[in-house]
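Participant: Sharing model33.txt, compact mmCIF, C-alpha atoms:
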```txt
# COMPACT_ATOMS: atom_id res chain seq x y z
CA MET A 171 0.00 0.00 0.00
CA SER A 172 1.28 3.47 -0.86
CA ASP A 173 2.37 5.78 1.97
CA HIS A 174 0.71 8.66 0.12
CA PRO A 175 -3.06 9.29 0.22
CA ARG A 176 -4.85 9.28 -3.11
CA ASP A 177 -6.03 12.49 -4.69
CA PRO A 178 -9.32 13.54 -3.06
CA THR A 179 -12.50 13.58 -5.14
CA LEU A 180 -14.45 16.84 -5.12
CA GLY A 181 -18.19 17.36 -5.51
CA ILE A 182 -19.25 20.81 -6.70
CA VAL A 183 -22.71 22.10 -5.79
CA THR A 184 -23.89 25.10 -7.82
CA PRO A 185 -27.24 26.71 -7.00
CA THR A 186 -28.81 28.73 -9.79
CA PHE A 187 -32.04 30.47 -10.78
CA ARG A 188 -32.77 31.50 -14.38
CA ARG A 189 -29.26 32.83 -14.99
CA ARG A 190 -28.40 31.42 -18.40
CA THR A 191 -25.52 33.78 -19.12
CA PHE A 192 -23.82 33.31 -15.76
CA LEU A 193 -24.35 29.57 -15.75
CA ARG A 194 -23.03 29.17 -19.29
CA ARG A 195 -19.88 31.13 -18.43
CA PHE A 196 -19.49 29.15 -15.22
CA LEU A 197 -19.83 25.75 -16.92
CA ASN A 198 -17.42 26.74 -19.67
CA ARG A 199 -14.94 27.68 -16.98
CA LEU A 200 -15.61 24.47 -15.05
CA LEU A 201 -14.80 22.33 -18.06
CA ARG A 202 -11.38 23.98 -18.22
CA GLN A 203 -10.41 22.89 -14.71
CA THR A 204 -7.04 21.13 -14.68
CA TYR A 205 -8.00 18.69 -11.91
CA PRO A 206 -9.88 15.62 -13.17
CA HIS A 207 -11.38 14.14 -10.00
CA TRP A 208 -14.61 16.09 -9.69
CA ARG A 209 -18.32 15.87 -10.35
CA ALA A 210 -20.84 18.70 -10.30
CA ALA A 211 -24.50 19.07 -9.38
CA VAL A 212 -26.22 22.16 -10.79
CA VAL A 213 -29.37 22.71 -8.74
CA HIS A 214 -32.08 25.04 -10.05
CA ASP A 215 -34.40 26.66 -7.51
CA GLY A 216 -37.66 25.31 -8.93
CA PRO A 217 -38.60 23.63 -12.23
CA SER A 218 -37.23 25.03 -15.50
CA THR A 219 -37.18 23.22 -18.83
CA GLU A 220 -34.99 25.97 -20.27
CA MET A 221 -32.27 25.59 -17.64
CA ALA A 222 -32.52 21.80 -17.76
CA ALA A 223 -31.90 21.94 -21.51
CA LEU A 224 -28.91 24.25 -21.05
CA VAL A 225 -27.22 21.99 -18.51
CA ALA A 226 -28.05 18.93 -20.62
CA GLN A 227 -25.86 20.37 -23.38
CA TYR A 228 -22.90 20.44 -20.99
CA ALA A 229 -23.73 17.05 -19.46
CA ALA A 230 -23.58 15.59 -22.97
CA ARG A 231 -20.05 16.95 -23.26
CA ASP A 232 -19.00 15.82 -19.77
CA PRO A 233 -21.00 13.23 -17.76
CA ARG A 234 -19.50 14.54 -14.52
CA ILE A 235 -22.12 17.31 -14.71
CA THR A 236 -25.61 16.60 -13.33
CA TYR A 237 -28.75 18.75 -13.37
CA MET A 238 -31.25 18.82 -10.51
CA GLN A 239 -34.23 21.02 -9.77
CA LEU A 240 -36.42 21.65 -6.75
CA GLU A 241 -40.13 20.97 -7.00
CA MET A 242 -40.95 24.59 -6.12
CA PRO A 243 -38.88 27.80 -5.90
CA THR A 244 -37.79 28.56 -2.35
CA ASN A 245 -36.07 31.95 -2.66
CA ASP A 246 -33.92 31.28 0.42
CA THR A 247 -30.57 32.61 -0.86
CA GLY A 248 -29.55 29.23 -2.25
CA VAL A 249 -29.85 27.26 0.99
CA SER A 250 -32.38 24.69 -0.32
CA PRO A 251 -30.49 24.08 -3.59
CA ARG A 252 -27.22 23.66 -1.67
CA GLN A 253 -28.87 21.24 0.74
CA ALA A 254 -30.35 19.25 -2.16
CA GLY A 255 -27.00 19.16 -3.93
CA ALA A 256 -25.15 18.06 -0.79
CA ALA A 257 -27.79 15.34 -0.22
CA HIS A 258 -27.37 14.09 -3.78
CA LEU A 259 -23.59 13.87 -3.47
CA ALA A 260 -23.63 12.35 0.03
CA ARG A 261 -26.01 9.56 -1.04
CA LEU A 262 -24.16 8.44 -4.16
CA ASP A 263 -22.84 4.89 -4.14
CA ASN A 264 -19.36 6.37 -4.46
CA PRO A 265 -19.68 9.84 -2.89
CA PRO A 266 -16.93 12.41 -3.33
CA ASP A 267 -14.53 12.97 -0.46
CA TYR A 268 -15.50 16.64 -0.19
CA CYS A 269 -18.26 19.05 -1.15
CA ILE A 270 -17.53 22.57 -2.35
CA PHE A 271 -20.10 25.26 -3.08
CA TRP A 272 -19.43 27.38 -6.14
CA ASP A 273 -21.93 30.05 -7.19
CA ASP A 274 -22.53 30.51 -10.90
CA ASP A 275 -21.51 34.19 -10.95
CA ASN A 276 -18.09 33.74 -9.31
CA TYR A 277 -14.78 33.47 -11.17
CA PHE A 278 -12.56 30.50 -10.34
CA VAL A 279 -9.05 30.09 -11.71
CA VAL A 280 -8.64 27.06 -13.96
CA ASN A 281 -6.41 25.30 -11.42
CA ALA A 282 -8.73 26.05 -8.48
CA LEU A 283 -9.68 22.41 -7.94
CA GLN A 284 -6.04 21.35 -8.28
CA ASN A 285 -5.06 23.88 -5.61
CA ILE A 286 -7.89 22.76 -3.32
CA ALA A 287 -6.79 19.12 -3.60
CA ALA A 288 -3.18 20.07 -2.85
CA ALA A 289 -4.26 22.14 0.17
CA LEU A 290 -6.37 19.25 1.48
CA LEU A 291 -3.45 16.84 1.25
CA ALA A 292 -1.09 19.37 2.85
CA ALA A 293 -3.54 19.79 5.74
CA GLY A 294 -3.90 16.04 6.25
CA LEU A 295 -7.46 15.79 4.85
CA PRO A 296 -9.42 17.64 7.57
CA ASP A 297 -13.20 17.55 7.95
CA LEU A 298 -13.44 21.20 6.87
CA LEU A 299 -10.87 23.30 5.05
CA LEU A 300 -11.33 27.02 4.40
CA VAL A 301 -9.54 28.14 1.24
CA GLY A 302 -9.13 31.76 0.12
CA MET A 303 -11.55 33.76 -2.02
CA GLU A 304 -11.10 37.39 -3.07
CA TYR A 305 -14.05 39.55 -2.07
CA ARG A 306 -14.03 43.31 -2.76
CA SER A 307 -10.23 43.53 -2.85
CA ARG A 308 -9.71 41.49 0.33
CA ILE A 309 -9.18 37.81 0.93
CA LEU A 310 -11.67 35.75 2.92
CA PRO A 311 -11.04 34.23 5.36
CA PRO A 312 -8.55 36.89 6.47
CA SER A 313 -5.02 35.70 7.09
CA GLY A 314 -3.97 35.45 10.72
CA VAL A 315 -7.47 35.02 12.15
CA PRO A 316 -7.85 31.63 13.89
CA VAL A 317 -10.86 29.39 13.36
CA ALA A 318 -12.33 30.25 16.77
CA ALA A 319 -12.21 34.00 16.06
CA LEU A 320 -13.87 34.11 12.61
CA VAL A 321 -17.05 36.21 12.56
CA PRO A 322 -19.82 36.95 10.01
CA GLY A 323 -18.42 38.69 6.96
CA GLN A 324 -15.18 36.71 7.10
CA VAL A 325 -16.49 33.49 5.53
CA ASP A 326 -17.86 32.97 2.01
CA SER A 327 -19.59 29.88 0.61
CA ALA A 328 -16.70 29.37 -1.80
CA ASN A 329 -14.29 29.07 1.16
CA LEU A 330 -15.92 25.87 2.40
CA VAL A 331 -14.46 22.46 1.52
CA ILE A 332 -16.50 20.02 3.62
CA ARG A 333 -17.00 16.30 4.07
CA PRO A 334 -20.34 15.50 2.36
CA GLN A 335 -22.24 14.20 5.39
CA LEU A 336 -21.09 17.19 7.44
CA ALA A 337 -22.18 19.60 4.69
CA LEU A 338 -25.56 17.87 4.47
CA ALA A 339 -26.06 18.10 8.23
CA ALA A 340 -25.16 21.81 8.27
CA TYR A 341 -27.51 22.83 5.45
CA SER A 342 -30.29 20.58 6.79
CA ASP A 343 -29.95 22.32 10.16
CA LEU A 344 -30.38 25.71 8.48
CA LEU A 345 -33.60 24.55 6.82
CA GLU A 346 -34.88 23.17 10.12
CA GLN A 347 -34.18 26.53 11.76
CA LYS A 348 -36.00 28.31 8.94
CA ALA A 349 -39.01 26.00 9.37
CA ARG A 350 -39.15 26.74 13.09
CA PHE A 351 -38.51 30.46 12.72
CA PRO A 352 -39.88 31.60 9.31
CA GLU A 353 -38.61 35.14 9.88
CA LYS A 354 -35.01 33.92 10.18
CA ASN A 355 -32.69 35.68 7.74
CA LEU A 356 -30.46 33.24 5.86
CA TYR A 357 -28.42 35.94 4.10
CA THR A 358 -25.30 34.94 6.08
CA SER A 359 -25.88 31.23 5.49
CA ASP A 360 -22.22 30.77 4.49
CA TYR A 361 -21.08 31.80 7.97
CA MET A 362 -23.95 29.91 9.62
CA VAL A 363 -22.87 26.67 7.92
CA PHE A 364 -19.29 27.24 9.04
CA ASP A 365 -20.38 28.04 12.60
CA TYR A 366 -22.60 24.93 12.77
CA ILE A 367 -19.62 22.78 11.85
CA ARG A 368 -17.33 24.65 14.23
CA ARG A 369 -19.74 23.95 17.13
CA SER A 370 -20.43 20.32 16.18
CA ALA A 371 -19.73 17.42 18.52
CA PRO A 372 -17.57 15.47 18.31
CA ALA A 373 -15.37 18.37 17.29
CA PRO A 374 -14.49 18.16 13.59
CA ARG A 375 -10.98 18.85 12.43
CA ILE A 376 -10.88 22.27 10.78
CA ASP A 377 -7.94 23.85 8.99
CA LEU A 378 -7.32 27.16 7.22
CA ALA A 379 -5.59 27.72 3.88
CA PRO A 380 -6.29 31.42 3.07
CA GLN A 381 -3.10 31.49 0.98
CA THR A 382 -4.80 29.11 -1.46
CA VAL A 383 -6.83 31.72 -3.36
CA ILE A 384 -9.16 30.02 -5.83
CA GLY A 385 -10.96 32.99 -7.43
CA PHE A 386 -12.92 36.15 -6.80
CA HIS A 387 -16.49 37.00 -5.86
CA ASP A 388 -18.91 38.16 -8.60
CA GLY A 389 -16.11 37.59 -11.10
CA LEU A 390 -18.40 36.54 -13.95
CA ARG A 391 -20.23 39.86 -13.79
CA TRP A 392 -18.61 42.06 -16.41
CA LYS A 393 -18.03 45.21 -14.32
CA PRO A 394 -16.28 43.47 -11.39
CA TYR A 395 -14.35 41.30 -13.87
CA LEU A 396 -13.03 44.28 -15.83
CA ARG A 397 -12.28 46.20 -12.63
CA HIS A 398 -10.34 43.20 -11.38
CA LEU A 399 -8.35 42.94 -14.62
CA LEU A 400 -7.51 46.65 -14.49
CA GLY A 401 -6.62 46.54 -10.80
CA ILE A 402 -9.25 49.12 -9.85
CA PRO A 403 -10.56 48.64 -6.27
CA PRO A 404 -14.33 48.79 -5.66
CA LEU A 405 -15.60 52.16 -4.44
CA ASN A 406 -18.16 50.72 -2.01
CA LEU A 407 -20.12 53.96 -2.15
CA THR A 408 -23.26 52.48 -0.63
CA SER A 409 -21.40 51.81 2.62
CA ARG A 410 -20.42 55.47 3.04
CA ARG A 411 -22.57 57.73 5.19
CA TRP A 412 -22.10 60.80 3.00
CA PHE A 413 -23.28 58.87 -0.06
CA ARG A 414 -26.36 57.53 1.71
CA ALA A 415 -27.12 61.05 3.00
CA ALA A 416 -26.73 62.47 -0.51
CA THR A 417 -29.18 59.89 -1.84
CA LEU A 418 -31.66 60.65 0.98
CA GLY A 419 -31.37 57.14 2.37
CA LEU A 420 -32.85 55.58 -0.77
CA ILE A 421 -29.77 53.40 -1.24
CA LYS A 422 -29.07 51.11 1.67
CA PRO A 423 -26.01 48.93 2.24
CA ARG A 424 -26.51 45.18 1.97
```
Is it possible to express this structure as structure tokens?
Facilitator:
Amino acid sequence: MSDHPRDPTLGIVTPTFRRRTFLRRFLNRLLRQTYPHWRAAVVHDGPSTEMAALVAQYAARDPRITYMQLEMPTNDTGVSPRQAGAAHLARLDNPPDYCIFWDDDNYFVVNALQNIAAALLAAGLPDLLLVGMEYRSRILPPSGVPVAALVPGQVDSANLVIRPQLALAAYSDLLEQKARFPEKNLYTSDYMVFDYIRRSAPAPRIDLAPQTVIGFHDGLRWKPYLRHLLGIPPLNLTSRRWFRAATLGLIKPR
């Protein structure tokens, strides 16, 4: 038997909703990944023959791509599609070693999966690994912040590289919370998933690899993409008090 672990298999879950242009760009980029040991589940939030046909074109080119759709739209910031995708991957006869969650409007470098696999092996194949993602000219998670000190705003869905059963448990817990408390805001679901895993018992093994930067947020939207290529930082005007005052409070920060 070899002393070296085999290359980990990676399952990609991509939630989407009627975004043909973004999804097409994303799938074209996915097919260029240099790492071969992956499969992908594109999960549409509700039924759509148009989106099913689009993904079918790519599945015909590469059988590692699968299309799924929810029975009804949920409009819960992608939580239900991510849970459905994680459930699909976790219940396969030969499930992937890890789940990752890549949105269809984000830009990922073509060796992103290769770098994730290398970081997993370097970390000794933990239960959860947080890799780096550029978000508004900063890297999440921030370098130098330990796992126990990470707070909302410092974790993105694309950071999370999770064992499938752990990912399924985390997203299922979010949906259970939403069912009990319908007013619950799931906008920070990326951090909530991370925090659920961080608080799990028995304690999972979590590692950080913020130096492994796999892409940048909103990178398949043309304006952020061009700004990134030109090295122009975002202005973030809507977060500035003077700008909100000048617009009479009509524009509110997210």
Participant: Which one of A:Ile376, A:Ala229, A:Val317, A:Val183 sits closest to Leu298 of chain A if you count only C-alpha atoms?
Facilitator: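 Of A:Ile376, A:Ala229, A:Val317, A:Val183, the one nearest Leu298 of chain A, counting only C-alpha atoms, is A:Ile376.
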Participant: Quick one: residues within 9 Å of Glu241 of chain A, all atoms listed in the file counted, chain neighbours fewer than 4 positions away excluded, as a list in words?
Facilitator: Asp215, Gly216 and Pro217 of chain A
Participant: Distance atom CA of Leu310 of chain A-atom CA of Asn276 of chain A, one decimal place?
Facilitator: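 Computing it gives 14.0 Å between the two atoms.
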Participant: At a cut-off of 12 Å, using all atoms listed in the file, what residues contact Leu390 of chain A? Leave out same-chain residues fewer than 6 positions from it and give the result as a short mmCIF file (atom, residue, chain, number, x, y, z; two decimals) with C-alpha atoms, in the frame of the given file.
Facilitator:
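See around_14.cif below for the written result:
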```cif
data_model
loop_
_atom_site.label_atom_id
_atom_site.label_comp_id
_atom_site.auth_asym_id
_atom_site.auth_seq_id
_atom_site.Cartn_x
_atom_site.Cartn_y
_atom_site.Cartn_z
CA ARG A 189 -29.26 32.83 -14.99
CA THR A 191 -25.52 33.78 -19.12
CA PHE A 192 -23.82 33.31 -15.76
CA LEU A 193 -24.35 29.57 -15.75
CA ARG A 194 -23.03 29.17 -19.29
CA ARG A 195 -19.88 31.13 -18.43
CA PHE A 196 -19.49 29.15 -15.22
CA LEU A 197 -19.83 25.75 -16.92
CA ASN A 198 -17.42 26.74 -19.67
CA ARG A 199 -14.94 27.68 -16.98
CA ASP A 273 -21.93 30.05 -7.19
CA ASP A 274 -22.53 30.51 -10.90
CA ASP A 275 -21.51 34.19 -10.95
CA ASN A 276 -18.09 33.74 -9.31
CA TYR A 277 -14.78 33.47 -11.17
CA PHE A 278 -12.56 30.50 -10.34
CA VAL A 279 -9.05 30.09 -11.71
CA LEU A 396 -13.03 44.28 -15.83
CA ARG A 397 -12.28 46.20 -12.63
CA HIS A 398 -10.34 43.20 -11.38
CA LEU A 399 -8.35 42.94 -14.62
#
```
Participant: Counting only C-alpha atoms, write as an mmCIF file with C-alpha atoms, in the frame of the given file all protein and nucleic acid residues lying at most 6 Å from (-17.4, 13.5, -11.3) in the file's frame.
Facilitator:
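Result file is out19.cif:
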```cif
data_model
loop_
_atom_site.group_PDB
_atom_site.id
_atom_site.type_symbol
_atom_site.label_atom_id
_atom_site.label_comp_id
_atom_site.auth_asym_id
_atom_site.auth_seq_id
_atom_site.Cartn_x
_atom_site.Cartn_y
_atom_site.Cartn_z
ATOM 1 C CA TRP A 208 -14.610 16.090 -9.690
ATOM 2 C CA ARG A 209 -18.320 15.870 -10.350
ATOM 3 C CA ARG A 234 -19.500 14.540 -14.520
#
```
Participant: Taking all atoms listed in the file into account, name the residue in A:Pro380, A:Pro352, A:Pro206, A:Gly181 that is nearest to Leu300 of chain A.
Facilitator: A:Pro380
